[in-house]
Each structure stands twice: as structure tokens, then as C-alpha cells.
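Coordinates as given in upload-v9.csv (CSV, C-alpha atoms):
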```
chain,number,residue,atom,x,y,z
A,1,MET,CA,-74.4,-109.9,99.4
A,2,ARG,CA,-76.8,-112.7,100.0
A,3,TYR,CA,-74.1,-114.6,101.9
A,4,LEU,CA,-73.5,-111.7,104.2
A,5,VAL,CA,-77.2,-111.6,105.0
A,6,PHE,CA,-77.2,-115.3,105.8
A,7,LEU,CA,-74.0,-114.9,107.9
A,8,ALA,CA,-75.5,-112.0,109.9
A,9,LEU,CA,-78.7,-114.0,110.5
A,10,GLY,CA,-76.7,-117.1,111.5
A,11,LEU,CA,-74.6,-115.1,114.0
A,12,LEU,CA,-77.7,-113.4,115.4
A,13,PHE,CA,-79.6,-116.7,115.8
A,14,PHE,CA,-76.7,-118.9,117.1
A,15,GLY,CA,-74.8,-116.2,119.0
A,16,CYS,CA,-77.6,-115.3,121.4
A,17,LYS,CA,-78.0,-116.9,124.8
A,18,LYS,CA,-80.9,-119.4,124.5
A,19,GLU,CA,-83.2,-120.4,127.3
A,20,ASP,CA,-81.8,-123.9,126.8
A,21,ASP,CA,-78.5,-122.6,128.2
A,22,TYR,CA,-80.1,-122.5,131.6
A,23,ILE,CA,-80.5,-125.7,133.6
A,24,ASN,CA,-84.1,-126.7,134.0
A,25,MET,CA,-85.1,-127.7,137.5
A,26,GLU,CA,-87.3,-130.6,136.3
A,27,ASN,CA,-84.3,-132.2,134.6
A,28,LEU,CA,-82.3,-132.5,137.8
A,29,THR,CA,-82.7,-135.2,140.5
A,30,HIS,CA,-82.4,-133.7,144.0
A,31,GLU,CA,-80.0,-135.6,146.2
A,32,ASP,CA,-80.0,-135.2,150.0
A,33,ILE,CA,-77.2,-133.1,151.4
A,34,GLU,CA,-76.5,-131.4,154.7
A,35,LEU,CA,-75.3,-127.9,153.6
A,36,ASP,CA,-74.0,-127.0,157.1
A,37,ASN,CA,-70.2,-126.8,157.2
A,38,THR,CA,-69.8,-126.9,153.5
A,39,THR,CA,-68.0,-124.5,151.1
A,40,TRP,CA,-68.8,-124.0,147.4
A,41,VAL,CA,-67.1,-122.2,144.5
A,42,ILE,CA,-68.9,-120.8,141.5
A,43,HIS,CA,-69.1,-123.3,138.6
A,44,LYS,CA,-71.3,-121.7,136.0
A,45,SER,CA,-73.7,-118.8,135.9
A,46,TYR,CA,-75.2,-116.3,133.4
A,47,GLU,CA,-76.5,-114.2,136.3
A,48,ILE,CA,-74.0,-114.1,139.2
A,49,PRO,CA,-71.0,-111.9,138.5
A,50,VAL,CA,-67.6,-113.6,138.8
A,51,ARG,CA,-64.5,-111.9,140.2
A,52,SER,CA,-62.2,-111.9,137.2
A,53,THR,CA,-59.0,-111.1,139.1
A,54,THR,CA,-59.2,-114.5,140.8
A,55,ASN,CA,-59.5,-116.6,137.6
A,56,GLY,CA,-63.2,-116.7,138.0
A,57,ARG,CA,-63.2,-118.6,141.3
A,58,LEU,CA,-65.2,-116.1,143.3
A,59,PRO,CA,-67.8,-115.9,144.7
A,60,THR,CA,-67.7,-118.7,147.1
A,61,LEU,CA,-70.5,-119.7,149.5
A,62,HIS,CA,-69.8,-120.9,153.0
A,63,PHE,CA,-72.7,-122.6,154.9
A,64,LYS,CA,-72.3,-122.8,158.7
A,65,ASP,CA,-74.6,-122.8,161.7
A,66,GLY,CA,-77.7,-121.6,159.8
A,67,GLY,CA,-75.8,-118.8,158.0
A,68,MET,CA,-74.3,-118.5,154.6
A,69,GLY,CA,-71.3,-116.3,153.9
A,70,VAL,CA,-70.5,-115.0,150.5
A,71,GLY,CA,-66.8,-114.8,149.7
A,72,THR,CA,-65.9,-112.0,147.4
A,73,ASN,CA,-62.2,-111.5,148.3
A,74,CYS,CA,-62.9,-108.0,149.4
A,75,ASN,CA,-66.0,-107.8,151.7
A,76,HIS,CA,-67.5,-110.1,154.2
A,77,ALA,CA,-71.2,-110.8,153.5
A,78,PHE,CA,-73.6,-113.0,155.5
A,79,SER,CA,-77.2,-114.1,155.5
A,80,GLU,CA,-79.2,-116.4,157.7
A,81,TYR,CA,-81.1,-119.1,155.9
A,82,GLN,CA,-83.7,-121.8,156.5
A,83,ILE,CA,-84.3,-125.0,154.5
A,84,ASP,CA,-87.4,-127.1,154.0
A,85,GLY,CA,-87.0,-129.8,151.4
A,86,ASN,CA,-85.3,-128.1,148.5
A,87,THR,CA,-86.8,-124.8,149.4
A,88,ILE,CA,-84.3,-122.3,150.8
A,89,LYS,CA,-85.1,-118.9,152.3
A,90,PHE,CA,-82.5,-116.3,152.9
A,91,ARG,CA,-82.8,-113.2,155.0
A,92,ASP,CA,-81.2,-109.9,154.2
A,93,LEU,CA,-77.5,-109.8,153.3
A,94,PHE,CA,-75.3,-108.1,155.8
A,95,THR,CA,-72.0,-106.9,154.4
A,96,THR,CA,-69.0,-104.7,155.3
A,97,TYR,CA,-69.4,-102.8,152.0
A,98,LYS,CA,-65.8,-101.8,152.1
A,99,TYR,CA,-64.9,-100.0,148.9
A,100,CYS,CA,-63.4,-102.3,146.3
A,101,PRO,CA,-62.6,-101.6,142.6
A,102,ASP,CA,-65.1,-104.3,141.6
A,103,MET,CA,-68.3,-104.7,143.7
A,104,GLU,CA,-70.6,-106.5,141.3
A,105,ILE,CA,-70.8,-109.7,143.4
A,106,GLU,CA,-71.8,-107.7,146.6
A,107,ALA,CA,-74.4,-105.8,144.6
A,108,TYR,CA,-75.8,-108.9,143.0
A,109,PHE,CA,-76.3,-110.8,146.2
A,110,GLY,CA,-77.4,-107.7,148.1
A,111,THR,CA,-80.2,-107.2,145.5
A,112,ASN,CA,-81.2,-110.8,144.9
A,113,ILE,CA,-80.5,-112.8,148.1
A,114,ARG,CA,-84.2,-112.7,149.3
A,115,SER,CA,-85.4,-113.9,145.8
A,116,ILE,CA,-83.3,-117.1,145.8
A,117,ASN,CA,-86.0,-119.6,146.9
A,118,SER,CA,-84.8,-123.1,146.0
A,119,TYR,CA,-81.8,-125.3,145.5
A,120,ILE,CA,-81.0,-128.6,144.1
A,121,PHE,CA,-78.0,-130.7,144.8
A,122,SER,CA,-77.3,-133.1,141.9
A,123,GLU,CA,-74.3,-134.9,140.6
A,124,GLY,CA,-72.0,-133.1,143.0
A,125,LYS,CA,-73.2,-129.6,142.1
A,126,LEU,CA,-75.3,-127.1,144.1
A,127,TYR,CA,-77.8,-125.3,141.9
A,128,LEU,CA,-79.5,-122.1,143.1
A,129,PHE,CA,-82.8,-120.9,141.7
A,130,ILE,CA,-85.0,-117.8,141.6
A,131,ASP,CA,-88.4,-119.4,141.0
A,132,LYS,CA,-87.5,-121.9,138.2
A,133,LYS,CA,-84.6,-120.0,136.7
A,134,MET,CA,-81.2,-121.3,137.6
A,135,ILE,CA,-79.0,-118.4,138.7
A,136,GLY,CA,-75.8,-120.4,139.3
A,137,SER,CA,-74.2,-123.7,139.9
A,138,PHE,CA,-71.4,-124.3,142.5
A,139,LYS,CA,-68.9,-127.1,143.1
A,140,ARG,CA,-68.0,-128.2,146.6
A,141,ILE,CA,-64.5,-127.5,147.8
A,142,ALA,CA,-62.7,-128.4,151.0
A,143,ASN,CA,-63.4,-126.1,153.9
```
How does the structure come out when it is put into C-alpha cells?
Amino acid sequence: MRYLVFLALGLLFFGCKKEDDYINMENLTHEDIELDNTTWVIHKSYEIPVRSTTNGRLPTLHFKDGGMGVGTNCNHAFSEYQIDGNTIKFRDLFTTYKYCPDMEIEAYFGTNIRSINSYIFSEGKLYLFIDKKMIGSFKRIAN
């Protein structure tokens, strides 16, 4: 019986998502990058939903001419953005909101787009943050 208690406590302690699972901004070195005309695919996130029907390769982010498109494989979503250093400010997200069986990505970005306030490009990955909390990392892909 005592072993079951230790096993349950071990699973509870080690099975939970720890704050250490999130990338800390202070541990990343920001490298300069021009985001315009770049495309990114989700790499890792505990926040942003991933479209499971595409082997976890959506959402994608497309930066062009002061706007960012969010690729969901169903709807078209777009937001204007401004950058100052590693601060990024998005405006409202405009989307077609066509009905799809899975609309978690659209709902997430629609709710949180204006809260995303900084980014860091480091070691080939684009990290997006709400305050100091990393919401997702993205890898660059060919346009």
C-alpha cells in the first residue's frame, strides 16, 4: 500500500507541467531578423492549439507588408503588426470564420492576438510571448 502512495505522489509530481517547461525570455539571446516575407510553422507550444489533422504542422504564420496571416487550413486570418526592437504589437484579428470541424486555432488567436507583445528570434526559432510567458515557438519554412 505504501508503494502505491509513493507511486501516486511521483506521478502527480513528475506528471504535471512545470513552469520550467516554458522558455524563459531572459535565457534567450535575441538575434536581428526581418520578419517581412517570412513563413513559420509551429514548433512547440503549451498554449496554441495545433491542427491534429495535418500532423501538427498548423498553425503557420505568414509575415508580409506589415501584416501577419495565420494559416489554419480552413479559414484565412489576418492582423496588422508593428515592431519596435523585440516588442511586437498586433491589431485585431480579421478572419473569414467559415465553419470548420475544429476551430480552436482561430478562437485562440482571435482571443489572444492583442495580448502577444514581444518576440525573440534565437537559434533559428521565433518565440512569441504574452508578457514573459512563451506561448509558442515557430520554425521558419520556405515561402
Determine, for each residue of segment 86-124 of chain A having at least one atom at most 9 Å from an atom of segment 39-53 of chain A, the closest pair of atoms and their separation in Å to one decimal, counting only C-alpha atoms; order by chain and ascending number, as a tab-separated table.
```
residue	atom	partner	partner_atom	distance
A:Asp102	CA	A:Arg51	CA	7.8
A:Met103	CA	A:Arg51	CA	8.9
A:Glu104	CA	A:Pro49	CA	6.1
A:Ile105	CA	A:Pro49	CA	5.4
A:Tyr108	CA	A:Ile48	CA	6.7
A:Phe109	CA	A:Ile48	CA	8.1
```
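Distances to Asn117 of chain A were evaluated for A:Gln82, A:Tyr97, A:Phe138, A:Asn27 using all atoms listed in the file, and the minimum falls at A:Gln82.
Between atom CA of Ala77 of chain A and atom CA of Thr96 of chain A there is a distance of 6.7 Å.
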*Please work out which residues fall within 12 Å of (-79.0, -120.0, 156.4), coordinates as given in the file, with all atoms listed in the file counting, and return them as an NGL selection string.*
:A and (34-38 or 61-70 or 78-84 or 87-93 or 113-114 or 116-117)
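Among the candidates A:Glu26, A:His76, A:Phe129, A:Gly85, the residue lying nearest to Gly110 of chain A is A:His76 (atoms considered: only C-alpha atoms).
Counting all atoms listed in the file and comparing A:Ser118, A:Thr111, A:Thr60, A:Asn86, the residue that lies closest to Arg140 of chain A is A:Thr60.
Rounded to one decimal, atom CA of Phe94 of chain A and atom CA of Tyr127 of chain A lie 22.3 Å from each other.
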